[in-house]
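Below is start_38.pdb, which holds PDB, C-alpha atoms.
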```pdb
MODEL        1
ATOM      1  CA  MET A   1     132.737 147.351  52.149
ATOM      2  CA  THR A   2     129.061 146.564  51.531
ATOM      3  CA  THR A   3     126.897 145.943  54.592
ATOM      4  CA  THR A   4     124.308 143.159  54.292
ATOM      5  CA  PRO A   5     120.820 144.402  55.271
ATOM      6  CA  ALA A   6     119.337 142.882  58.404
ATOM      7  CA  HIS A   7     116.122 142.149  56.494
ATOM      8  CA  ASP A   8     115.344 141.472  52.873
ATOM      9  CA  VAL A   9     111.651 142.313  53.226
ATOM     10  CA  LEU A  10     109.663 144.396  55.698
ATOM     11  CA  VAL A  11     105.860 144.214  55.725
ATOM     12  CA  LEU A  12     103.957 147.180  57.144
ATOM     13  CA  GLY A  13     100.310 146.608  57.937
ATOM     14  CA  GLU A  14      97.553 144.933  59.861
ATOM     15  CA  VAL A  15      97.353 141.503  61.439
ATOM     16  CA  LEU A  16      93.968 140.056  62.330
ATOM     17  CA  VAL A  17      92.446 137.307  64.391
ATOM     18  CA  GLU A  18      90.643 135.025  61.950
ATOM     19  CA  ILE A  19      87.500 133.127  62.977
ATOM     20  CA  HIS A  20      86.629 130.521  60.385
ATOM     21  CA  THR A  21      83.359 128.648  59.937
ATOM     22  CA  ASP A  22      82.204 126.257  57.231
ATOM     23  CA  THR A  23      78.632 127.527  57.538
ATOM     24  CA  ALA A  24      77.254 130.318  55.346
ATOM     25  CA  LEU A  25      77.187 133.396  57.575
ATOM     26  CA  SER A  26      73.483 134.000  56.968
ATOM     27  CA  GLY A  27      72.878 130.541  58.438
ATOM     28  CA  ALA A  28      75.191 130.842  61.451
ATOM     29  CA  ALA A  29      72.814 129.673  64.181
ATOM     30  CA  PRO A  30      73.718 129.419  67.889
ATOM     31  CA  GLY A  31      76.204 126.592  68.352
ATOM     32  CA  THR A  32      77.792 126.975  64.888
ATOM     33  CA  ALA A  33      81.303 125.546  65.031
ATOM     34  CA  ALA A  34      84.252 127.828  64.282
ATOM     35  CA  ARG A  35      88.033 127.809  64.625
ATOM     36  CA  ILE A  36      90.569 130.543  65.348
ATOM     37  CA  SER A  37      93.579 131.327  63.203
ATOM     38  CA  TYR A  38      95.580 134.441  62.325
ATOM     39  CA  SER A  39      95.704 136.409  59.101
ATOM     40  CA  GLY A  40      95.469 139.949  57.717
ATOM     41  CA  ASP A  41      97.104 141.022  54.481
ATOM     42  CA  ALA A  42     100.385 141.956  56.200
ATOM     43  CA  LEU A  43     100.777 138.605  57.952
ATOM     44  CA  ASN A  44      99.794 136.691  54.805
ATOM     45  CA  ALA A  45     102.365 138.535  52.696
ATOM     46  CA  ALA A  46     105.063 138.286  55.374
ATOM     47  CA  ALA A  47     104.546 134.532  55.729
ATOM     48  CA  ALA A  48     104.834 134.087  51.959
ATOM     49  CA  ALA A  49     107.975 136.221  51.782
ATOM     50  CA  ALA A  50     109.620 134.214  54.558
ATOM     51  CA  ALA A  51     108.662 130.927  52.887
ATOM     52  CA  ALA A  52     110.221 132.212  49.646
ATOM     53  CA  GLY A  53     113.559 132.567  51.409
ATOM     54  CA  ALA A  54     113.617 136.223  52.430
ATOM     55  CA  ARG A  55     114.605 137.455  55.872
ATOM     56  CA  THR A  56     111.269 139.046  56.713
ATOM     57  CA  ALA A  57     110.051 141.251  59.559
ATOM     58  CA  LEU A  58     106.551 142.402  60.425
ATOM     59  CA  LEU A  59     105.991 146.072  61.264
ATOM     60  CA  THR A  60     102.639 146.393  62.977
ATOM     61  CA  VAL A  61     100.852 147.211  66.222
ATOM     62  CA  VAL A  62      99.088 144.483  68.168
ATOM     63  CA  GLY A  63      96.735 144.756  71.105
ATOM     64  CA  ASP A  64      96.934 144.074  74.802
ATOM     65  CA  ASP A  65      94.378 141.267  74.762
ATOM     66  CA  GLU A  66      95.170 137.614  75.363
ATOM     67  CA  LEU A  67      95.155 136.723  71.670
ATOM     68  CA  SER A  68      98.281 138.778  70.975
ATOM     69  CA  VAL A  69     100.480 136.010  72.384
ATOM     70  CA  PRO A  70      99.297 133.214  70.060
ATOM     71  CA  LEU A  71      99.052 135.690  67.174
ATOM     72  CA  LEU A  72     102.730 136.615  67.428
ATOM     73  CA  ARG A  73     103.660 133.003  68.115
ATOM     74  CA  ARG A  74     101.979 131.993  64.856
ATOM     75  CA  ALA A  75     103.842 134.693  62.933
ATOM     76  CA  ALA A  76     107.150 133.499  64.396
ATOM     77  CA  GLU A  77     106.283 129.888  63.507
ATOM     78  CA  LEU A  78     105.852 131.075  59.917
ATOM     79  CA  GLY A  79     109.425 132.378  59.945
ATOM     80  CA  VAL A  80     108.583 136.060  60.409
ATOM     81  CA  ASP A  81     110.621 138.301  62.722
ATOM     82  CA  VAL A  82     108.204 139.892  65.232
ATOM     83  CA  ALA A  83     110.830 141.572  67.415
ATOM     84  CA  HIS A  84     109.892 145.034  66.153
ATOM     85  CA  VAL A  85     106.120 144.801  66.669
ATOM     86  CA  HIS A  86     104.634 147.524  68.889
ATOM     87  CA  ARG A  87     101.722 147.189  71.305
ATOM     88  CA  ALA A  88      98.744 149.415  72.070
ATOM     89  CA  PRO A  89      96.059 149.278  74.787
ATOM     90  CA  ARG A  90      93.434 148.281  72.224
ATOM     91  CA  PRO A  91      91.905 144.993  71.067
ATOM     92  CA  ASN A  92      93.248 143.240  68.004
ATOM     93  CA  GLY A  93      91.127 143.462  64.892
ATOM     94  CA  ALA A  94      89.226 140.324  63.917
ATOM     95  CA  TYR A  95      87.094 138.919  61.154
ATOM     96  CA  LEU A  96      84.675 136.059  60.634
ATOM     97  CA  LEU A  97      85.185 134.097  57.425
ATOM     98  CA  SER A  98      83.095 131.522  55.639
ATOM     99  CA  ALA A  99      84.359 129.816  52.465
ATOM    100  CA  ASP A 100      82.427 127.368  50.304
ATOM    101  CA  PRO A 101      83.958 124.384  48.439
ATOM    102  CA  ASP A 102      84.624 126.566  45.358
ATOM    103  CA  GLY A 103      86.690 128.988  47.416
ATOM    104  CA  ASP A 104      84.083 131.792  47.400
ATOM    105  CA  ARG A 105      84.040 133.754  50.633
ATOM    106  CA  GLU A 106      81.959 135.859  53.007
ATOM    107  CA  PHE A 107      83.464 138.199  55.610
ATOM    108  CA  VAL A 108      82.397 140.158  58.681
ATOM    109  CA  TYR A 109      85.081 142.458  60.170
ATOM    110  CA  TRP A 110      85.605 144.019  63.593
ATOM    111  CA  ARG A 111      88.473 146.505  63.331
ATOM    112  CA  THR A 112      87.153 149.920  64.484
ATOM    113  CA  HIS A 113      89.567 151.327  67.109
ATOM    114  CA  SER A 114      91.775 148.257  66.756
ATOM    115  CA  ALA A 115      95.417 148.194  67.808
ATOM    116  CA  ALA A 116      96.558 148.206  64.182
ATOM    117  CA  SER A 117      94.577 151.392  63.511
ATOM    118  CA  THR A 118      96.943 153.253  65.875
ATOM    119  CA  LEU A 119      99.791 152.783  63.393
ATOM    120  CA  SER A 120     101.333 156.235  62.914
ATOM    121  CA  PRO A 121     104.347 158.184  61.616
ATOM    122  CA  ALA A 122     105.814 157.922  65.135
ATOM    123  CA  HIS A 123     106.043 154.159  64.673
ATOM    124  CA  VAL A 124     107.685 154.656  61.285
ATOM    125  CA  GLU A 125     110.229 156.981  62.890
ATOM    126  CA  ALA A 126     111.081 154.237  65.397
ATOM    127  CA  TRP A 127     111.452 151.756  62.526
ATOM    128  CA  LEU A 128     113.459 154.127  60.331
ATOM    129  CA  PRO A 129     116.806 152.293  60.673
ATOM    130  CA  LEU A 130     115.075 149.093  59.538
ATOM    131  CA  LEU A 131     113.302 150.796  56.653
ATOM    132  CA  THR A 132     116.373 152.548  55.303
ATOM    133  CA  GLY A 133     118.405 149.343  55.569
ATOM    134  CA  CYS A 134     116.008 146.816  54.009
ATOM    135  CA  ARG A 135     115.859 145.648  50.413
ATOM    136  CA  ALA A 136     112.073 145.830  50.025
ATOM    137  CA  LEU A 137     108.881 147.028  51.700
ATOM    138  CA  ILE A 138     105.359 145.654  51.229
ATOM    139  CA  THR A 139     102.344 147.712  52.271
ATOM    140  CA  SER A 140      98.744 148.209  51.155
ATOM    141  CA  GLY A 141      95.699 150.363  50.753
ATOM    142  CA  ILE A 142      94.040 148.437  53.572
ATOM    143  CA  THR A 143      96.760 149.634  55.931
ATOM    144  CA  GLY A 144      96.370 153.192  54.692
ATOM    145  CA  ALA A 145      92.600 153.085  55.206
ATOM    146  CA  LEU A 146      92.647 152.061  58.866
ATOM    147  CA  SER A 147      93.012 155.638  60.163
ATOM    148  CA  PRO A 148      94.504 159.003  59.160
ATOM    149  CA  GLY A 149      97.637 158.079  61.116
ATOM    150  CA  SER A 150      97.931 154.772  59.292
ATOM    151  CA  ARG A 151      97.676 156.574  55.961
ATOM    152  CA  GLU A 152     100.544 158.850  56.911
ATOM    153  CA  ALA A 153     102.536 155.862  58.156
ATOM    154  CA  VAL A 154     102.197 154.126  54.779
ATOM    155  CA  LEU A 155     103.424 157.224  52.980
ATOM    156  CA  ALA A 156     106.284 157.847  55.404
ATOM    157  CA  ALA A 157     107.503 154.253  55.206
ATOM    158  CA  ALA A 158     107.276 154.096  51.405
ATOM    159  CA  ARG A 159     109.117 157.396  51.062
ATOM    160  CA  ALA A 160     111.876 156.255  53.430
ATOM    161  CA  VAL A 161     112.489 152.985  51.583
ATOM    162  CA  HIS A 162     112.305 154.621  48.163
ATOM    163  CA  ALA A 163     114.715 157.400  49.167
ATOM    164  CA  ALA A 164     117.176 154.801  50.473
ATOM    165  CA  GLY A 165     117.137 152.973  47.133
ATOM    166  CA  GLY A 166     114.936 150.087  48.244
ATOM    167  CA  HIS A 167     112.024 148.467  46.431
ATOM    168  CA  VAL A 168     108.401 149.222  47.384
ATOM    169  CA  THR A 169     105.492 146.892  46.604
ATOM    170  CA  TYR A 170     102.003 148.344  47.040
ATOM    171  CA  ASP A 171      98.631 146.633  46.768
ATOM    172  CA  PRO A 172      95.712 149.118  46.681
ATOM    173  CA  ASN A 173      93.408 146.295  47.876
ATOM    174  CA  HIS A 174      90.394 148.609  47.837
ATOM    175  CA  ARG A 175      87.731 147.799  50.430
ATOM    176  CA  PRO A 176      84.574 149.912  49.956
ATOM    177  CA  ARG A 177      83.416 149.208  53.511
ATOM    178  CA  LEU A 178      86.696 150.553  54.864
ATOM    179  CA  THR A 179      87.352 153.629  52.742
ATOM    180  CA  GLY A 180      85.809 155.759  50.012
ATOM    181  CA  ARG A 181      87.025 155.909  46.425
ATOM    182  CA  ALA A 182      88.333 159.463  46.733
ATOM    183  CA  GLU A 183      90.505 158.636  49.727
ATOM    184  CA  ALA A 184      91.796 155.433  48.114
ATOM    185  CA  ARG A 185      92.618 157.261  44.881
ATOM    186  CA  SER A 186      94.432 160.003  46.767
ATOM    187  CA  LEU A 187      96.649 157.504  48.589
ATOM    188  CA  LEU A 188      97.272 155.584  45.364
ATOM    189  CA  ALA A 189      98.382 158.750  43.571
ATOM    190  CA  ALA A 190     100.843 159.530  46.380
ATOM    191  CA  VAL A 191     102.294 156.007  46.657
ATOM    192  CA  ALA A 192     102.398 154.911  42.993
ATOM    193  CA  PRO A 193     105.481 156.964  42.037
ATOM    194  CA  LEU A 194     107.402 155.292  44.885
ATOM    195  CA  THR A 195     106.627 151.728  43.834
ATOM    196  CA  GLY A 196     108.727 149.203  42.003
ATOM    197  CA  LEU A 197     105.711 146.866  41.839
ATOM    198  CA  LEU A 198     102.040 147.720  42.121
ATOM    199  CA  LYS A 199      99.890 144.604  42.460
ATOM    200  CA  THR A 200      96.168 145.063  41.912
ATOM    201  CA  SER A 201      92.969 143.319  40.826
ATOM    202  CA  CYS A 202      90.635 143.798  37.896
ATOM    203  CA  PRO A 203      87.790 144.503  37.792
ATOM    204  CA  ALA A 204      87.436 145.100  41.570
ATOM    205  CA  ASP A 205      90.280 147.555  42.238
ATOM    206  CA  ALA A 206      90.459 148.839  38.681
ATOM    207  CA  LEU A 207      86.842 149.949  38.456
ATOM    208  CA  ALA A 208      87.033 151.800  41.763
ATOM    209  CA  LEU A 209      90.461 153.357  41.317
ATOM    210  CA  VAL A 210      91.148 153.873  37.600
ATOM    211  CA  ASP A 211      87.660 153.621  36.049
ATOM    212  CA  THR A 212      88.093 150.573  33.844
ATOM    213  CA  ALA A 213      87.293 146.862  33.785
ATOM    214  CA  ASP A 214      89.976 146.171  31.193
ATOM    215  CA  PRO A 215      93.262 144.914  32.727
ATOM    216  CA  VAL A 216      95.481 146.298  29.945
ATOM    217  CA  THR A 217      93.958 149.752  30.284
ATOM    218  CA  ALA A 218      94.141 149.499  34.071
ATOM    219  CA  ALA A 219      97.850 148.671  34.003
ATOM    220  CA  ALA A 220      98.534 151.608  31.686
ATOM    221  CA  ARG A 221      96.653 153.972  33.977
ATOM    222  CA  TYR A 222      98.503 152.766  37.070
ATOM    223  CA  ARG A 223     101.789 153.235  35.228
ATOM    224  CA  ALA A 224     100.702 156.738  34.241
ATOM    225  CA  LEU A 225     100.414 157.469  37.961
ATOM    226  CA  GLY A 226     104.098 156.566  38.320
ATOM    227  CA  ALA A 227     104.195 152.849  39.130
ATOM    228  CA  ARG A 228     107.228 151.261  37.469
ATOM    229  CA  THR A 229     105.751 147.765  37.078
ATOM    230  CA  VAL A 230     102.114 146.673  37.446
ATOM    231  CA  ALA A 231     100.753 143.163  38.045
ATOM    232  CA  VAL A 232      97.007 142.814  37.527
ATOM    233  CA  THR A 233      95.134 139.717  38.645
ATOM    234  CA  ALA A 234      92.354 139.438  36.075
ATOM    235  CA  GLY A 235      90.177 136.518  37.127
ATOM    236  CA  PRO A 236      90.929 132.797  37.316
ATOM    237  CA  GLY A 237      93.792 131.662  35.180
ATOM    238  CA  ARG A 238      95.453 134.899  34.127
ATOM    239  CA  LEU A 239      97.682 137.698  35.373
ATOM    240  CA  LEU A 240      98.765 140.722  33.343
ATOM    241  CA  LEU A 241     102.299 142.034  33.830
ATOM    242  CA  ASP A 242     103.178 145.480  32.466
ATOM    243  CA  ASP A 243     106.797 146.546  33.021
ATOM    244  CA  GLY A 244     106.714 149.559  30.733
ATOM    245  CA  THR A 245     108.228 147.749  27.773
ATOM    246  CA  ARG A 246     105.348 145.389  27.150
ATOM    247  CA  ALA A 247     102.105 144.209  28.717
ATOM    248  CA  GLU A 248     101.443 140.484  28.515
ATOM    249  CA  PHE A 249      99.302 137.879  30.205
ATOM    250  CA  HIS A 250     100.932 135.106  32.209
ATOM    251  CA  PRO A 251      99.210 131.759  32.842
ATOM    252  CA  VAL A 252      98.027 131.090  36.370
ATOM    253  CA  PRO A 253      97.587 127.418  37.330
ATOM    254  CA  VAL A 254      94.133 126.860  38.763
ATOM    255  CA  ASP A 255      93.910 124.463  41.696
ATOM    256  CA  PRO A 256      91.378 121.743  40.743
ATOM    257  CA  ALA A 257      90.016 121.573  44.302
ATOM    258  CA  PRO A 258      90.266 125.017  45.929
ATOM    259  CA  VAL A 259      89.432 125.195  49.617
ATOM    260  CA  ASP A 260      89.726 128.922  50.275
ATOM    261  CA  THR A 261      91.178 131.735  48.153
ATOM    262  CA  THR A 262      91.702 134.024  51.152
ATOM    263  CA  GLY A 263      95.195 135.482  51.058
ATOM    264  CA  ALA A 264      96.133 134.179  47.605
ATOM    265  CA  GLY A 265      96.841 137.696  46.348
ATOM    266  CA  ASP A 266      98.932 138.409  49.428
ATOM    267  CA  CYS A 267     100.835 135.176  48.837
ATOM    268  CA  PHE A 268     101.622 136.342  45.316
ATOM    269  CA  THR A 269     102.752 139.729  46.589
ATOM    270  CA  GLY A 270     104.936 138.337  49.361
ATOM    271  CA  THR A 271     106.556 135.677  47.203
ATOM    272  CA  THR A 272     107.209 137.953  44.225
ATOM    273  CA  THR A 273     108.650 140.725  46.382
ATOM    274  CA  ALA A 274     110.866 138.292  48.258
ATOM    275  CA  ARG A 275     112.327 136.878  45.078
ATOM    276  CA  LEU A 276     112.911 140.362  43.660
ATOM    277  CA  ALA A 277     114.693 141.317  46.879
ATOM    278  CA  LEU A 278     116.837 138.196  46.582
ATOM    279  CA  GLY A 279     117.907 139.154  43.069
ATOM    280  CA  ASP A 280     115.630 137.171  40.748
ATOM    281  CA  PRO A 281     114.635 138.871  37.476
ATOM    282  CA  LEU A 282     111.061 140.151  37.291
ATOM    283  CA  ALA A 283     109.612 137.385  35.099
ATOM    284  CA  ARG A 284     111.027 134.637  37.292
ATOM    285  CA  ALA A 285     109.898 136.335  40.511
ATOM    286  CA  VAL A 286     106.378 136.684  39.093
ATOM    287  CA  ALA A 287     106.356 133.027  38.046
ATOM    288  CA  TYR A 288     107.223 132.036  41.602
ATOM    289  CA  GLY A 289     104.518 134.374  42.932
ATOM    290  CA  VAL A 290     101.871 132.902  40.647
ATOM    291  CA  ALA A 291     102.837 129.353  41.626
ATOM    292  CA  ALA A 292     102.790 130.091  45.361
ATOM    293  CA  ALA A 293      99.399 131.797  45.133
ATOM    294  CA  SER A 294      97.965 128.807  43.279
ATOM    295  CA  LEU A 295      99.229 126.387  45.921
ATOM    296  CA  SER A 296      97.956 128.562  48.777
ATOM    297  CA  VAL A 297      94.252 128.068  47.953
ATOM    298  CA  ALA A 298      94.449 124.454  49.140
ATOM    299  CA  GLY A 299      94.384 125.635  52.773
ATOM    300  CA  ARG A 300      91.801 127.352  54.942
ATOM    301  CA  GLY A 301      92.307 130.973  55.883
ATOM    302  CA  GLY A 302      94.979 133.481  55.037
ATOM    303  CA  THR A 303      97.875 131.455  56.431
ATOM    304  CA  GLY A 304      96.365 127.984  56.335
ATOM    305  CA  ARG A 305      98.563 126.908  53.409
ATOM    306  CA  VAL A 306     101.890 128.676  52.992
ATOM    307  CA  PRO A 307     103.783 126.570  50.454
ATOM    308  CA  ALA A 308     107.441 125.775  50.977
ATOM    309  CA  PHE A 309     109.665 127.308  48.331
ATOM    310  CA  THR A 310     110.640 123.865  47.039
ATOM    311  CA  GLU A 311     106.972 123.284  46.127
ATOM    312  CA  THR A 312     106.640 126.748  44.628
ATOM    313  CA  ALA A 313     109.786 126.357  42.516
ATOM    314  CA  ALA A 314     108.719 122.907  41.318
ATOM    315  CA  LEU A 315     105.312 124.188  40.144
ATOM    316  CA  ALA A 316     106.875 127.279  38.537
ATOM    317  CA  GLY A 317     109.297 125.003  36.701
ATOM    318  CA  ARG A 318     106.444 122.910  35.303
ATOM    319  CA  LEU A 319     104.789 126.077  34.017
ATOM    320  CA  GLY A 320     107.887 126.796  31.942
TER     321      GLY A 320
ENDMDL
END
```
Using structure tokens, write down the structure that the file contains.
Amino acid sequence: MTTTPAHDVLVLGEVLVEIHTDTALSGAAPGTAARISYSGDALNAAAAAAAAGARTALLTVVGDDELSVPLLRRAAELGVDVAHVHRAPRPNGAYLLSADPDGDREFVYWRTHSAASTLSPAHVEAWLPLLTGCRALITSGITGALSPGSREAVLAAARAVHAAGGHVTYDPNHRPRLTGRAEARSLLAAVAPLTGLLKTSCPADALALVDTADPVTAAARYRALGARTVAVTAGPGRLLLDDGTRAEFHPVPVDPAPVDTTGAGDCFTGTTTARLALGDPLARAVAYGVAAASLSVAGRGGTGRVPAFTETAALAGRLG
């Protein structure tokens, strides 16, 4: 008798308080208006996975400050299971975001000694029954760069899911202000052989991690590290998918009036992984991921626009 997993998708990583302003940060004078929301690559991906129909849980550590309550409430409103979230006597990480009408962004982060940076192998050990029983795990290079303990947590979680026969999605998501190239490359080399899908960007990630600005070459180099399938976002309007049998570009619909591109890559990752976990073939799952990411840029912030799967499927259908 086959036991149905409690969760289709688990997302291991950081959640952040998001402070959003419409003013360019260099012009943020006293009295500049701002609004609070909640984001972080883990929450963005988890929200997208839940919207795509997957039973999704968030594996993270939040702080003991007052914002933890609305942060977790927002995650639950997005359909994400937060029952397994741990707490630490630290503040939550936060960032200030400004996006212009074309979707270009500026960021200032506050995450040193944050609650999420306490993520460790001990947490992974506590989550082991979940990890070995899920269909898929999503994690990232951002998570691995938060602290040495977080790096080990990413590796331990990916190894546990891989050993249990589950799928691992990894996004290197290189952030030069957070980690050096050598450290990011080391983590990538350790995680890549465990991944069923490695989602990355070119030229940003590719230049830093595999020394190329060419998406086809980048995909081949990631696959040489052991990644089974690689998805490379390569600028507006195109995504390269290399599954080891062929590498081809897929069309990406461009929103005619983008508001904010924050979290679009995470939306792709969460949606694609969810659909793979639910049994869709790779090409169809990627088509859904591309459609969801395109729709997501119509909202402000990382979780400002999480499209319902009916919308995502309708757009994917129009793309052929």
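Residue nearest Leu282 of chain A, chosen from A:Ala231, A:Val61, A:Ala54, A:Leu97 and counting only C-alpha atoms: A:Ala231.
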Across A:Thr229, A:Thr245, A:Ser186, A:Thr212, the smallest distance to His167 of chain A, with all atoms listed in the file counted, is shown by A:Thr229
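For the pair atom CA of Asp280 of chain A and atom CA of Arg135 of chain A, the interatomic distance is 12.9 Å.
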(Q) Excluding Thr169 of chain A and its own-chain neighbours fewer than 3 positions away, which residues fall within 12 Å of it when counting only C-alpha atoms? Please give them as a PyMOL selection string. (A) chain A and resi 9-12+42+45+135-141+154+157-159+161-162+166+172+191-200+227-231+266+268-274+276-277
Can those selected residues be exported to a file as a JSON list (two decimals), in the frame of the given file so that it contains C-alpha atoms?
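Saved result, out-v1.json, follows:
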```
[["chain", "number", "residue", "atom", "x", "y", "z"],
["A", 9, "VAL", "CA", 111.65, 142.31, 53.23],
["A", 10, "LEU", "CA", 109.66, 144.40, 55.70],
["A", 11, "VAL", "CA", 105.86, 144.21, 55.72],
["A", 12, "LEU", "CA", 103.96, 147.18, 57.14],
["A", 42, "ALA", "CA", 100.38, 141.96, 56.20],
["A", 45, "ALA", "CA", 102.36, 138.54, 52.70],
["A", 135, "ARG", "CA", 115.86, 145.65, 50.41],
["A", 136, "ALA", "CA", 112.07, 145.83, 50.02],
["A", 137, "LEU", "CA", 108.88, 147.03, 51.70],
["A", 138, "ILE", "CA", 105.36, 145.65, 51.23],
["A", 139, "THR", "CA", 102.34, 147.71, 52.27],
["A", 140, "SER", "CA", 98.74, 148.21, 51.16],
["A", 141, "GLY", "CA", 95.70, 150.36, 50.75],
["A", 154, "VAL", "CA", 102.20, 154.13, 54.78],
["A", 157, "ALA", "CA", 107.50, 154.25, 55.21],
["A", 158, "ALA", "CA", 107.28, 154.10, 51.40],
["A", 159, "ARG", "CA", 109.12, 157.40, 51.06],
["A", 161, "VAL", "CA", 112.49, 152.99, 51.58],
["A", 162, "HIS", "CA", 112.30, 154.62, 48.16],
["A", 166, "GLY", "CA", 114.94, 150.09, 48.24],
["A", 172, "PRO", "CA", 95.71, 149.12, 46.68],
["A", 191, "VAL", "CA", 102.29, 156.01, 46.66],
["A", 192, "ALA", "CA", 102.40, 154.91, 42.99],
["A", 193, "PRO", "CA", 105.48, 156.96, 42.04],
["A", 194, "LEU", "CA", 107.40, 155.29, 44.88],
["A", 195, "THR", "CA", 106.63, 151.73, 43.83],
["A", 196, "GLY", "CA", 108.73, 149.20, 42.00],
["A", 197, "LEU", "CA", 105.71, 146.87, 41.84],
["A", 198, "LEU", "CA", 102.04, 147.72, 42.12],
["A", 199, "LYS", "CA", 99.89, 144.60, 42.46],
["A", 200, "THR", "CA", 96.17, 145.06, 41.91],
["A", 227, "ALA", "CA", 104.20, 152.85, 39.13],
["A", 228, "ARG", "CA", 107.23, 151.26, 37.47],
["A", 229, "THR", "CA", 105.75, 147.76, 37.08],
["A", 230, "VAL", "CA", 102.11, 146.67, 37.45],
["A", 231, "ALA", "CA", 100.75, 143.16, 38.04],
["A", 266, "ASP", "CA", 98.93, 138.41, 49.43],
["A", 268, "PHE", "CA", 101.62, 136.34, 45.32],
["A", 269, "THR", "CA", 102.75, 139.73, 46.59],
["A", 270, "GLY", "CA", 104.94, 138.34, 49.36],
["A", 271, "THR", "CA", 106.56, 135.68, 47.20],
["A", 272, "THR", "CA", 107.21, 137.95, 44.22],
["A", 273, "THR", "CA", 108.65, 140.72, 46.38],
["A", 274, "ALA", "CA", 110.87, 138.29, 48.26],
["A", 276, "LEU", "CA", 112.91, 140.36, 43.66],
["A", 277, "ALA", "CA", 114.69, 141.32, 46.88]]
```
- Please provide as a ChimeraX atom specification all residues within 12 Å of Glu183 of chain A, with the sequence filter that same-chain residues fewer than 2 positions apart are discarded (counting only C-alpha atoms). /A:141-142,144-148,151,172,174-176,178-181,185-190,208-209
Asp41 of chain A proximity check over A:Ser150, A:Thr233, A:Thr303, A:Thr118, using only C-alpha atoms: winner is A:Thr303
Would you translate the PyMOL selection byres ((chain A and resi 299) around 12) into the concrete set of residues it matches in this file, as a ChimeraX atom specification? /A:20,37,99,101,103,255,257-264,293-298,300-307
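Nearest residue to Asp171 of chain A, choosing from A:Val232, A:Ala52, A:Ala75, A:Leu25 and counting all atoms listed in the file: A:Val232.
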Since I can't run it myself right now, could you work out what the PyMOL selection byres ((chain A and resi 214-216) around 8) selects here and report it as a PyMOL selection string? chain A and resi 202-203+206+212-213+217-220+232+234+240+247
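Applied to this file, the PyMOL selection byres ((chain A and resi 316) around 12) selects His250, Pro251, Val252, Pro253, Ala283, Arg284, Ala285, Val286, Ala287, Tyr288, Gly289, Val290, Ala291, Ala292, Ala293, Ser294, Leu295, Phe309, Thr310, Glu311, Thr312, Ala313, Ala314, Leu315, Gly317, Arg318, Leu319 and Gly320 of chain A.
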Output the selection as a PDB file, in the coordinates of the input - C-alpha atoms for each residue.
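Dumped everything to selection_10.pdb:
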```
ATOM      1  CA  HIS A 250     100.932 135.106  32.209  1.00  0.00           C
ATOM      2  CA  PRO A 251      99.210 131.759  32.842  1.00  0.00           C
ATOM      3  CA  VAL A 252      98.027 131.090  36.370  1.00  0.00           C
ATOM      4  CA  PRO A 253      97.587 127.418  37.330  1.00  0.00           C
ATOM      5  CA  ALA A 283     109.612 137.385  35.099  1.00  0.00           C
ATOM      6  CA  ARG A 284     111.027 134.637  37.292  1.00  0.00           C
ATOM      7  CA  ALA A 285     109.898 136.335  40.511  1.00  0.00           C
ATOM      8  CA  VAL A 286     106.378 136.684  39.093  1.00  0.00           C
ATOM      9  CA  ALA A 287     106.356 133.027  38.046  1.00  0.00           C
ATOM     10  CA  TYR A 288     107.223 132.036  41.602  1.00  0.00           C
ATOM     11  CA  GLY A 289     104.518 134.374  42.932  1.00  0.00           C
ATOM     12  CA  VAL A 290     101.871 132.902  40.647  1.00  0.00           C
ATOM     13  CA  ALA A 291     102.837 129.353  41.626  1.00  0.00           C
ATOM     14  CA  ALA A 292     102.790 130.091  45.361  1.00  0.00           C
ATOM     15  CA  ALA A 293      99.399 131.797  45.133  1.00  0.00           C
ATOM     16  CA  SER A 294      97.965 128.807  43.279  1.00  0.00           C
ATOM     17  CA  LEU A 295      99.229 126.387  45.921  1.00  0.00           C
ATOM     18  CA  PHE A 309     109.665 127.308  48.331  1.00  0.00           C
ATOM     19  CA  THR A 310     110.640 123.865  47.039  1.00  0.00           C
ATOM     20  CA  GLU A 311     106.972 123.284  46.127  1.00  0.00           C
ATOM     21  CA  THR A 312     106.640 126.748  44.628  1.00  0.00           C
ATOM     22  CA  ALA A 313     109.786 126.357  42.516  1.00  0.00           C
ATOM     23  CA  ALA A 314     108.719 122.907  41.318  1.00  0.00           C
ATOM     24  CA  LEU A 315     105.312 124.188  40.144  1.00  0.00           C
ATOM     25  CA  GLY A 317     109.297 125.003  36.701  1.00  0.00           C
ATOM     26  CA  ARG A 318     106.444 122.910  35.303  1.00  0.00           C
ATOM     27  CA  LEU A 319     104.789 126.077  34.017  1.00  0.00           C
ATOM     28  CA  GLY A 320     107.887 126.796  31.942  1.00  0.00           C
TER      29      GLY A 320
END
```
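Going from atom CA of Asp242 of chain A to atom CA of Tyr170 of chain A covers 14.9 Å.
Using all atoms listed in the file for every distance, the candidate list A:Leu16, A:Leu207, A:Ile36, A:Cys134 yields A:Cys134 as the residue closest to Gly165 of chain A.
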